[in-house]
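S.K.: Take this structure first; my questions come after.
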Amino acid sequence: MSNSIPFNHIYLIDGSGYIFRAFYGIPPMTRPDGTPVNAVYGYTNMLIKLLADHESDGFAVIFDAGRESFRNEFYPQYKAQRPDAPEELIPQFGLIREATRAFNLPSIEMKGYEADDLIATYAREAKEAGVKVTIVSSDKDLMQLVEPDVELLDPMKNIAIGEEQVLDKFGVKPDRVVDVQALAGDSVDNVPGVPGIGIKTAAQLINEYGDLESLLNRAEEIKQPKRRQNLIEHAELARISRRLVELKRDVPVDDDLSGFDRMDPDGSVLRAFLEENGFRSIIARLGETLGGGNEAGQSAEAEAAPGESEYELVQTKDALARWIAEANKEGIVTIDTETTGLDAHSAELVGVSLSCKAGKACYIPVGHRSTEAAAAADSDQGGLDLAGPTDGSDDTPSQIPRDEAIALLKPVLEDAGVLKVGQNIKYDMIVLARYGIEMAPIDDTMLLSYVIEGGLHGHGMDDLAQLHFGHSTIKFKDVAGSGKSQVTFDKVPLDKALDYAAEDADITGRLHRLLKPRLVTDRMTTVYETIERPLVPVLARMERTGIKVDRDVLRRMSNDFAQRLAELETQIHTLAGRSFTIGSPKQLGEILFDEMSLPGGKKGKSGAYATGADILESLAAQGHDLPARVLDWRQLAKLKSTYTDSLQEQINPETGRIHTSYAQAIASTGRLSSNDPNLQNIPIRTEEGRKIREAFVAEEGCKLLSVDYSQIELRLAAEIADIESLRQAFLEGQDIHAITASQVFGVPVEGMDPMIRRQAKAINFGIIYGISAFGLANNLRIPQNEARNYIAAYFERYPGIKAYMERAKADCKKHGFVTTLFGRKIHIPAIGEKNPARKNFGERAAINAPIQGTAADVIKRAMIRVPRALATAGLDAKMLLQVHDELLFEVPEAQIEETTAVVREVMEKACDPALKLSVPLVADAGVGRNWAEAH
DNA sequence: GCCCTCACG
DNA sequence: GACGTACGTGAGGGCC
């Protein structure tokens, strides 16, 4: 314990490891003088995040001092095959050390040793001095250092790596990691290892023999002849490998550990560094913490930092009038509503916050009730809240009556000359619409962020405040409590409500001033102004309309399912020989593979048997009864719990309809998603499930009209990848999968074997998803080799596809994003990953995103135009739902034909006039009393 | 709160 | 032998 170390917890940062990952992971960027700085930028951000998120009191950044280290003395090939650093990276090495010093952190390196050795040495010293150690690195070579009080933190993924994660990765405890690495080798670092042995085998051997030396000494005992021979022959190579991978923990370091205590940076030094490198967004974000020194003057009207703000509680009409006058004068106001719940369709308005300037915001309570905070503490008598305040103690807070506040706010909120800015403003629009306010025009910071940085991070207020201002917003839990003692916002005391609500409006305003100008610099104005922004009122209207649901249909199905589930349960338990929880994959796996010893038991990484539908199906096909029944049980259980039961609860008692919410800033590709409930995944593929659609019905005198795009993604693939023959087939209205089969497999379309067509269809889909032999093989249940041949044949027939795929990957790698035909950017940071699995994932996403994203743009454009087209034609149809390539309407029976024509026209022409496609878009329509009939 | 499974396009 | 596999979502139940 006793030591002269002035801290309790040290962060040792692997600077060199980070440089490379940042360089390849962050899109190229240069500062005004042309120097590339993307890795510097990433590194700077990482430091800020580390320093902000972690309270440790010791910090040091460690670098490699050069290419050569003592390891090359006994093994010259070590890391020798590595290519030279890319030209754009070279100037950044120095800048990153400069950045480190600008943050007032020690920058440590030593000739002849790698950063890892210095880290190992300091970690040992710290541990011996009783100091906790966190090593910040994503290099697996450092995993050998993990022990109690020494952990690894992956800065890109922000996950901690302890003994358990090491065991996962190497199959052994940290103290045996070097033995495993010595056997398995490492092609990246040119560590030879023993031929024919990978990590899995190495771990198995080490676990069996204890350690490397024992294994090599007893190599004769190995049963497999080839492996035995290799171990004997290459024993020396294994020993050398071990010396290569084992980190040196006793480097005679120059710098003393005790000097690594954390010191705050000098604001002006840091500012100078950030300015020199053109990191304006970081300067803006750090704001106040950089302190004075603003000579450059480029941020003359720098905003006060979040947290230093002046918030006003508005309790009188006079005060409210002042704020409204301010909004009118400025022509812009940020707004946020507080309600009693998350569901915009049923929550009641509790208060409104407004902000016109940074640091200034107000909160107008209109529906707060007696706080009950004190009362709730001693006796939580729950239950009914009988006629108003109990005990006659009327402690309802002083506030403007709701209806009067709404009457005052309505004119400014509907004033075309005053822009209303919100974060997810659709929510506020829906709430206010229920009180008679049709808010317009609007801007939404969530959507600004979505179009500018979609795919890079989430776009919730908390994410954005943290990201752009390094500010942690007050959490809802902090004002309303959590768990059992959570209260609705109307019961939150006014002072707390003010802090919380006014901050939201304030932060939203700050985000708007930061992000709106970036539309122009990032060339995203068109996507925002022609797609996302005009879509907001359209979605709000659809959500408010909702869809009528016949509760009796659902109730009858639920009852039927309950009965059949009970029967199945009995049968399954009988077959299993005992009772168990069928819904537990863990218990089911044990029954199937341990107790019944059925074949094919495979454990995943969590140690549980896999029991997915594909596995149960193959067992069922082998004639086993139990898995077949479990499949039936699962289908019914899913339909009952997710659909027939829960949809009944989702019917709004006031409207008798179900009102979903569309999330406009979730899906990276630009698609919408639907939640609470999700109406985009109502069953259709099985007959049993499809019946659920019969419960979605039209109002008396109306029918449901479903119009969906035919093969839109494949059409867009033909367009984007420029596949002439595919395009021709679409132009001629041919059976596209049959044509593909005919062209790839060389069989005539006439009298084609349906199996062949099915395979071609799977390939066509595969193309859209960024095909792989593994994926196609799995899908078609054919050997991987066969799948590989199909793909090769396809590429040969349609070389444009291959070219497109390569182009998409290269584009994405270069810029960090791909784009749709309408200019939407889809960032895919995974493309820069070193881990091949993650990188491959990124590549497939890069292939799919422009296609899926363009389709999303197309239907959004159609949705924006449909309401006006219907109004112009004098039609009363209501748009109810969107399901990616389908729009569902409720149409008066007398207007069906006309409405169908108008909607199809709008959908098929949705690209005009922005884009002239060389492939026709086709929309098919269906009509019925319910959704099953209409689709 | 995470994992597994499964519903959709 | 391998990093692990088709793209994009949301929801419910089990389990720690």
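Ligands are numbered from 1 in the order shown, residues from 1 within each chain, and chains are lettered A, B, ... in the order they appear in the structure tokens.
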With only C-alpha atoms (C1' of nucleotides) as the counted atoms, please give the residues lying no more than 12 Å from region 121-125 of chain A, apart from itself and same-chain residues fewer than 2 positions off, as a VMD selection string.
M.R.: chain A and resid 3 5 9 to 13 58 to 62 108 113 to 119 127 to 136 142 144 to 152 247 to 260
S.K.: Taking N, CA and C atoms for each residue, export the selection above as a short mmCIF file (atom, residue, chain, number, x, y, z; two decimals), in the first residue's frame.
M.R.:
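What landed in result.cif:
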```cif
data_model
loop_
_atom_site.label_atom_id
_atom_site.label_comp_id
_atom_site.auth_asym_id
_atom_site.auth_seq_id
_atom_site.Cartn_x
_atom_site.Cartn_y
_atom_site.Cartn_z
N ASN A 3 3.21 3.86 -0.71
CA ASN A 3 4.01 4.16 -1.89
C ASN A 3 3.97 5.65 -2.12
N ILE A 5 3.12 6.84 -4.98
CA ILE A 5 2.33 7.04 -6.19
C ILE A 5 1.13 7.92 -5.83
N HIS A 9 -5.64 4.83 -9.53
CA HIS A 9 -6.11 4.10 -10.71
C HIS A 9 -5.47 4.76 -11.93
N ILE A 10 -4.75 3.96 -12.70
CA ILE A 10 -4.09 4.56 -13.86
C ILE A 10 -4.63 3.98 -15.17
N TYR A 11 -4.76 4.86 -16.16
CA TYR A 11 -5.10 4.45 -17.51
C TYR A 11 -3.84 4.47 -18.35
N LEU A 12 -3.48 3.31 -18.89
CA LEU A 12 -2.34 3.23 -19.80
C LEU A 12 -2.89 3.06 -21.21
N ILE A 13 -2.67 4.06 -22.04
CA ILE A 13 -3.29 4.06 -23.36
C ILE A 13 -2.31 3.63 -24.43
N GLY A 58 -4.80 8.72 -12.81
CA GLY A 58 -3.51 8.57 -13.48
C GLY A 58 -3.72 8.31 -14.97
N PHE A 59 -2.88 8.89 -15.79
CA PHE A 59 -3.03 8.73 -17.24
C PHE A 59 -1.66 8.76 -17.90
N ALA A 60 -1.44 7.89 -18.87
CA ALA A 60 -0.25 8.00 -19.71
C ALA A 60 -0.55 7.37 -21.05
N VAL A 61 0.03 7.93 -22.11
CA VAL A 61 -0.15 7.36 -23.43
C VAL A 61 1.20 6.81 -23.88
N ILE A 62 1.18 5.56 -24.36
CA ILE A 62 2.42 4.88 -24.71
C ILE A 62 2.47 4.64 -26.22
N ILE A 108 4.78 8.66 -23.82
CA ILE A 108 5.92 7.82 -23.46
C ILE A 108 6.31 6.89 -24.61
N TYR A 113 11.92 -0.87 -27.70
CA TYR A 113 10.80 -1.58 -27.07
C TYR A 113 9.51 -1.17 -27.75
N GLU A 114 8.59 -2.11 -27.77
CA GLU A 114 7.28 -1.78 -28.30
C GLU A 114 6.42 -1.17 -27.19
N ALA A 115 5.41 -0.46 -27.62
CA ALA A 115 4.50 0.15 -26.64
C ALA A 115 3.98 -0.91 -25.66
N ASP A 116 3.71 -2.09 -26.20
CA ASP A 116 3.16 -3.16 -25.35
C ASP A 116 4.10 -3.52 -24.19
N ASP A 117 5.39 -3.49 -24.45
CA ASP A 117 6.35 -3.83 -23.39
C ASP A 117 6.35 -2.77 -22.30
N LEU A 118 6.27 -1.52 -22.72
CA LEU A 118 6.24 -0.44 -21.73
C LEU A 118 4.96 -0.53 -20.91
N ILE A 119 3.87 -0.83 -21.60
CA ILE A 119 2.59 -0.96 -20.89
C ILE A 119 2.69 -2.10 -19.88
N LYS A 127 0.58 -2.31 -10.34
CA LYS A 127 -0.05 -3.38 -9.56
C LYS A 127 0.70 -3.60 -8.24
N GLU A 128 2.00 -3.60 -8.34
CA GLU A 128 2.80 -3.82 -7.13
C GLU A 128 2.63 -2.68 -6.13
N ALA A 129 2.33 -1.49 -6.68
CA ALA A 129 2.14 -0.34 -5.79
C ALA A 129 0.69 -0.24 -5.31
N GLY A 130 -0.11 -1.22 -5.65
CA GLY A 130 -1.51 -1.20 -5.21
C GLY A 130 -2.38 -0.27 -6.03
N VAL A 131 -1.95 0.04 -7.22
CA VAL A 131 -2.71 0.95 -8.08
C VAL A 131 -3.49 0.11 -9.10
N LYS A 132 -4.78 0.44 -9.26
CA LYS A 132 -5.60 -0.26 -10.23
C LYS A 132 -5.19 0.17 -11.65
N VAL A 133 -5.24 -0.77 -12.60
CA VAL A 133 -4.78 -0.47 -13.95
C VAL A 133 -5.87 -0.74 -14.98
N THR A 134 -6.07 0.23 -15.88
CA THR A 134 -6.89 -0.02 -17.05
C THR A 134 -6.03 0.24 -18.28
N ILE A 135 -5.88 -0.78 -19.10
CA ILE A 135 -5.10 -0.63 -20.32
C ILE A 135 -6.08 -0.36 -21.45
N VAL A 136 -5.90 0.76 -22.13
CA VAL A 136 -6.83 1.12 -23.19
C VAL A 136 -6.23 0.69 -24.52
N LEU A 142 -2.28 -7.77 -25.75
CA LEU A 142 -2.21 -7.27 -24.38
C LEU A 142 -3.06 -8.08 -23.41
N GLN A 144 -2.70 -10.94 -22.35
CA GLN A 144 -1.89 -11.70 -21.41
C GLN A 144 -1.66 -10.94 -20.11
N LEU A 145 -1.91 -9.64 -20.10
CA LEU A 145 -1.64 -8.85 -18.90
C LEU A 145 -2.82 -8.81 -17.93
N VAL A 146 -3.95 -9.30 -18.39
CA VAL A 146 -5.15 -9.21 -17.55
C VAL A 146 -4.98 -10.02 -16.27
N GLU A 147 -5.33 -9.45 -15.17
CA GLU A 147 -5.35 -10.14 -13.88
C GLU A 147 -6.24 -9.30 -12.96
N PRO A 148 -6.45 -9.76 -11.75
CA PRO A 148 -7.27 -8.94 -10.86
C PRO A 148 -6.67 -7.53 -10.74
N ASP A 149 -7.50 -6.52 -10.89
CA ASP A 149 -7.08 -5.12 -10.84
C ASP A 149 -6.29 -4.66 -12.05
N VAL A 150 -6.18 -5.52 -13.05
CA VAL A 150 -5.62 -5.06 -14.33
C VAL A 150 -6.60 -5.48 -15.42
N GLU A 151 -7.26 -4.51 -16.04
CA GLU A 151 -8.21 -4.86 -17.07
C GLU A 151 -7.90 -4.12 -18.35
N LEU A 152 -8.52 -4.61 -19.42
CA LEU A 152 -8.32 -4.03 -20.74
C LEU A 152 -9.61 -3.32 -21.11
N LEU A 247 5.26 -10.40 -23.47
CA LEU A 247 5.66 -9.00 -23.28
C LEU A 247 6.69 -8.90 -22.16
N LYS A 248 7.58 -7.93 -22.33
CA LYS A 248 8.65 -7.74 -21.35
C LYS A 248 8.12 -6.85 -20.24
N ARG A 249 8.18 -7.36 -19.03
CA ARG A 249 7.58 -6.61 -17.93
C ARG A 249 8.60 -5.88 -17.08
N ASP A 250 9.87 -5.90 -17.53
CA ASP A 250 10.90 -5.26 -16.72
C ASP A 250 11.79 -4.37 -17.58
N VAL A 251 11.14 -3.61 -18.45
CA VAL A 251 11.90 -2.66 -19.27
C VAL A 251 12.51 -1.60 -18.34
N PRO A 252 13.79 -1.28 -18.53
CA PRO A 252 14.40 -0.24 -17.70
C PRO A 252 13.90 1.14 -18.14
N VAL A 253 12.71 1.47 -17.72
CA VAL A 253 12.06 2.69 -18.24
C VAL A 253 12.70 3.97 -17.72
N ASP A 254 12.65 5.00 -18.55
CA ASP A 254 13.20 6.31 -18.17
C ASP A 254 12.22 7.08 -17.29
N ASP A 255 10.94 6.97 -17.67
CA ASP A 255 9.97 7.81 -16.96
C ASP A 255 9.39 7.06 -15.78
N ASP A 256 9.27 7.77 -14.69
CA ASP A 256 8.79 7.13 -13.48
C ASP A 256 7.27 7.12 -13.42
N LEU A 257 6.73 5.99 -13.00
CA LEU A 257 5.28 5.84 -12.89
C LEU A 257 4.65 6.97 -12.06
N SER A 258 5.37 7.40 -11.05
CA SER A 258 4.77 8.39 -10.14
C SER A 258 4.51 9.73 -10.83
N GLY A 259 5.09 9.92 -12.01
CA GLY A 259 4.87 11.19 -12.71
C GLY A 259 3.62 11.20 -13.56
N PHE A 260 2.86 10.10 -13.52
CA PHE A 260 1.73 9.99 -14.43
C PHE A 260 0.42 10.44 -13.80
#
```
S.K.: Check every residue of chain A for an atom within 6 Å of chain B, counting only C-alpha atoms (C1' of nucleotides), and provide those that qualify as a CSV table (one decimal) with N, CA, C and O atoms, in the first residue's frame.
M.R.:
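This is the output file part-v3.csv:
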```
chain,number,residue,atom,x,y,z
A,680,GLN,N,-45.4,-3.4,-38.7
A,680,GLN,CA,-44.7,-3.7,-40.0
A,680,GLN,C,-44.3,-5.2,-40.0
A,680,GLN,O,-43.6,-5.7,-40.9
A,681,ASN,N,-44.7,-5.9,-38.9
A,681,ASN,CA,-44.3,-7.4,-38.9
A,681,ASN,C,-45.5,-8.2,-38.6
A,681,ASN,O,-45.4,-9.3,-37.9
A,884,HIS,N,-42.7,-0.6,-45.6
A,884,HIS,CA,-41.5,-0.6,-46.5
A,884,HIS,C,-41.8,-0.6,-48.0
A,884,HIS,O,-41.2,0.3,-48.6
```
S.K.: Taking only C-alpha atoms (C1' of nucleotides) into account, report as a list of chain:residue names which residues of chain A lie within 7 Å of chain C.
M.R.: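 The answer, sorted by residue number, is A:Gly198, A:Gly583, A:Ser584, A:Ser641, A:Thr642, A:Ser673, A:Asn675, A:Asn678, A:Gly766, A:Tyr769, A:Gly770, A:Ile771, A:Ser772, A:Phe774, A:Gly775, A:Asn835, A:Pro836, A:Ala837, A:Ala845, A:Asn848.
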S.K.: Output N, CA, C and O atoms of each residue in that selection to a file, as an mmCIF file, in the first residue's frame.
M.R.:
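Written output follows (result_19.cif):
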```cif
data_model
loop_
_atom_site.group_PDB
_atom_site.id
_atom_site.type_symbol
_atom_site.label_atom_id
_atom_site.label_comp_id
_atom_site.auth_asym_id
_atom_site.auth_seq_id
_atom_site.Cartn_x
_atom_site.Cartn_y
_atom_site.Cartn_z
ATOM 1 N N GLY A 198 -4.149 -23.937 -34.772
ATOM 2 C CA GLY A 198 -4.794 -22.644 -34.612
ATOM 3 C C GLY A 198 -5.126 -22.420 -33.156
ATOM 4 O O GLY A 198 -4.743 -23.223 -32.294
ATOM 5 N N GLY A 583 -40.733 -22.882 -23.441
ATOM 6 C CA GLY A 583 -40.234 -21.610 -23.971
ATOM 7 C C GLY A 583 -38.793 -21.313 -23.617
ATOM 8 O O GLY A 583 -38.253 -20.295 -24.043
ATOM 9 N N SER A 584 -38.166 -22.169 -22.835
ATOM 10 C CA SER A 584 -36.772 -21.913 -22.479
ATOM 11 C C SER A 584 -35.836 -22.697 -23.401
ATOM 12 O O SER A 584 -35.767 -23.927 -23.313
ATOM 13 N N SER A 641 -48.819 -14.462 -28.009
ATOM 14 C CA SER A 641 -48.296 -13.422 -27.117
ATOM 15 C C SER A 641 -47.994 -12.124 -27.862
ATOM 16 O O SER A 641 -48.311 -11.038 -27.392
ATOM 17 N N THR A 642 -47.369 -12.248 -29.042
ATOM 18 C CA THR A 642 -46.962 -11.028 -29.739
ATOM 19 C C THR A 642 -48.121 -10.361 -30.471
ATOM 20 O O THR A 642 -48.122 -9.155 -30.651
ATOM 21 N N SER A 673 -39.188 2.599 -39.039
ATOM 22 C CA SER A 673 -39.532 1.413 -38.273
ATOM 23 C C SER A 673 -40.788 1.740 -37.493
ATOM 24 O O SER A 673 -41.128 2.902 -37.308
ATOM 25 N N ASN A 675 -43.244 0.934 -34.068
ATOM 26 C CA ASN A 675 -43.228 0.345 -32.728
ATOM 27 C C ASN A 675 -44.455 0.732 -31.917
ATOM 28 O O ASN A 675 -45.157 1.680 -32.239
ATOM 29 N N ASN A 678 -45.541 -2.783 -33.206
ATOM 30 C CA ASN A 678 -44.942 -2.856 -34.536
ATOM 31 C C ASN A 678 -45.998 -3.388 -35.507
ATOM 32 O O ASN A 678 -46.440 -4.529 -35.406
ATOM 33 N N GLY A 766 -30.076 -12.737 -52.719
ATOM 34 C CA GLY A 766 -28.718 -12.706 -52.184
ATOM 35 C C GLY A 766 -27.942 -11.522 -52.691
ATOM 36 O O GLY A 766 -27.195 -10.874 -51.950
ATOM 37 N N TYR A 769 -28.479 -8.555 -50.769
ATOM 38 C CA TYR A 769 -27.948 -8.594 -49.412
ATOM 39 C C TYR A 769 -26.426 -8.646 -49.361
ATOM 40 O O TYR A 769 -25.852 -8.780 -48.289
ATOM 41 N N GLY A 770 -25.756 -8.611 -50.511
ATOM 42 C CA GLY A 770 -24.297 -8.741 -50.479
ATOM 43 C C GLY A 770 -23.947 -10.202 -50.314
ATOM 44 O O GLY A 770 -23.481 -10.657 -49.286
ATOM 45 N N ILE A 771 -24.183 -10.932 -51.365
ATOM 46 C CA ILE A 771 -24.184 -12.390 -51.333
ATOM 47 C C ILE A 771 -22.889 -13.004 -50.784
ATOM 48 O O ILE A 771 -21.819 -12.442 -50.922
ATOM 49 N N SER A 772 -23.018 -14.166 -50.148
ATOM 50 C CA SER A 772 -21.853 -14.970 -49.799
ATOM 51 C C SER A 772 -22.229 -16.432 -50.026
ATOM 52 O O SER A 772 -23.405 -16.798 -49.944
ATOM 53 N N PHE A 774 -21.652 -18.906 -48.176
ATOM 54 C CA PHE A 774 -22.198 -19.456 -46.946
ATOM 55 C C PHE A 774 -23.691 -19.136 -46.807
ATOM 56 O O PHE A 774 -24.509 -20.011 -46.528
ATOM 57 N N GLY A 775 -24.018 -17.860 -47.026
ATOM 58 C CA GLY A 775 -25.390 -17.427 -46.839
ATOM 59 C C GLY A 775 -26.333 -18.102 -47.830
ATOM 60 O O GLY A 775 -27.403 -18.579 -47.458
ATOM 61 N N ASN A 835 -11.010 -6.455 -37.700
ATOM 62 C CA ASN A 835 -11.610 -7.777 -37.537
ATOM 63 C C ASN A 835 -12.350 -8.162 -38.820
ATOM 64 O O ASN A 835 -13.289 -7.502 -39.234
ATOM 65 N N PRO A 836 -11.913 -9.238 -39.463
ATOM 66 C CA PRO A 836 -12.473 -9.573 -40.771
ATOM 67 C C PRO A 836 -13.977 -9.822 -40.734
ATOM 68 O O PRO A 836 -14.671 -9.477 -41.681
ATOM 69 N N ALA A 837 -14.462 -10.400 -39.663
ATOM 70 C CA ALA A 837 -15.904 -10.665 -39.602
ATOM 71 C C ALA A 837 -16.686 -9.361 -39.629
ATOM 72 O O ALA A 837 -17.654 -9.201 -40.361
ATOM 73 N N ALA A 845 -23.169 -4.726 -45.809
ATOM 74 C CA ALA A 845 -24.089 -3.616 -45.546
ATOM 75 C C ALA A 845 -23.913 -2.525 -46.602
ATOM 76 O O ALA A 845 -24.881 -1.910 -47.035
ATOM 77 N N ASN A 848 -25.774 -3.530 -49.688
ATOM 78 C CA ASN A 848 -27.229 -3.492 -49.533
ATOM 79 C C ASN A 848 -27.792 -2.080 -49.358
ATOM 80 O O ASN A 848 -28.880 -1.767 -49.852
#
```
S.K.: State, in Å with one decimal place, the distance from CA of Leu50 (chain A) to CA of Glu98 (chain A).
M.R.: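 The value is 17.4 Å.
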S.K.: Could you please determine the separation between CA of Arg285 (chain A) and CA of His468 (chain A) in Å, to one decimal place?
M.R.: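 So the two atoms, CA of Arg285 (chain A) and CA of His468 (chain A), lie 5.3 Å apart.
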S.K.: Going by DSSP on the backbone, which bits of region 75-312 of chain A are strand (DSSP E or B)? Write them as a list in words, please.
M.R.: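 Everything in region 75-312 of chain A that counts as strand (DSSP E or B) is Ser107, Ile108, Gly112, Lys132, Val133, Thr134, Ile135, Val136, Glu147, Val150, Glu151, Leu152, Leu153, Asp154, Ile159, Ala160, Ile161, Asp186, Val191, Asp261, Glu310, Tyr311 and Glu312 of chain A.
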S.K.: For the selection you just gave me, I'd like the residues written to a file as a short mmCIF file (atom, residue, chain, number, x, y, z; two decimals), in the first residue's frame, keeping C-alpha atoms.
M.R.:
```
data_model
loop_
_atom_site.label_atom_id
_atom_site.label_comp_id
_atom_site.auth_asym_id
_atom_site.auth_seq_id
_atom_site.Cartn_x
_atom_site.Cartn_y
_atom_site.Cartn_z
CA SER A 107 3.63 10.78 -24.02
CA ILE A 108 5.92 7.82 -23.46
CA GLY A 112 14.10 -0.79 -28.78
CA LYS A 132 -5.60 -0.26 -10.23
CA VAL A 133 -4.78 -0.47 -13.95
CA THR A 134 -6.89 -0.02 -17.05
CA ILE A 135 -5.10 -0.63 -20.32
CA VAL A 136 -6.83 1.12 -23.19
CA GLU A 147 -5.35 -10.14 -13.88
CA VAL A 150 -5.62 -5.06 -14.33
CA GLU A 151 -8.21 -4.86 -17.07
CA LEU A 152 -8.32 -4.03 -20.74
CA LEU A 153 -10.65 -1.46 -22.25
CA ASP A 154 -11.41 -1.51 -25.95
CA ILE A 159 -16.07 -2.62 -23.61
CA ALA A 160 -13.98 -3.86 -20.73
CA ILE A 161 -12.04 -7.06 -21.15
CA ASP A 186 0.14 -14.80 -35.87
CA VAL A 191 4.99 -15.00 -35.47
CA ASP A 261 -0.81 11.71 -12.22
CA GLU A 310 -30.98 30.70 -16.84
CA TYR A 311 -34.29 28.91 -16.69
CA GLU A 312 -37.59 30.56 -15.84
#
```
S.K.: Which is closest to Thr334 (chain A) among A:Ser4, A:Ser214, A:Thr545, A:Thr508, if we use only C-alpha atoms?
M.R.: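 With only C-alpha atoms as the atom set, the closest residue is A:Thr508.
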S.K.: What is the CA of Lys586 (chain A) to CA of Gln635 (chain A) distance in Å?
M.R.: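 About the pair CA of Lys586 (chain A) and CA of Gln635 (chain A): they are 18.0 Å apart.
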S.K.: Tell me which protein, DNA and RNA residues are within 9 Å of region 643-647 of chain A, counting only C-alpha atoms (C1' of nucleotides), leaving out same-chain ones fewer than 3 positions away, and put them as a list in words.
M.R.: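 The neighbour list is Val549, Arg551, Val553, Leu554, Arg555, Arg556, Met557, Ser558, Lys638, Leu639, Lys640, Gln650, Ile651, Ile658, Pro677, Ile682, Pro683 and Ile692 of chain A.
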S.K.: Measuring atom to atom with only C-alpha atoms, identify which of A:Val919, A:Ile756, A:Cys356, A:Leu592 is nearest to Ala721 (chain A).
M.R.: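 Nearest to Ala721 (chain A): A:Val919.
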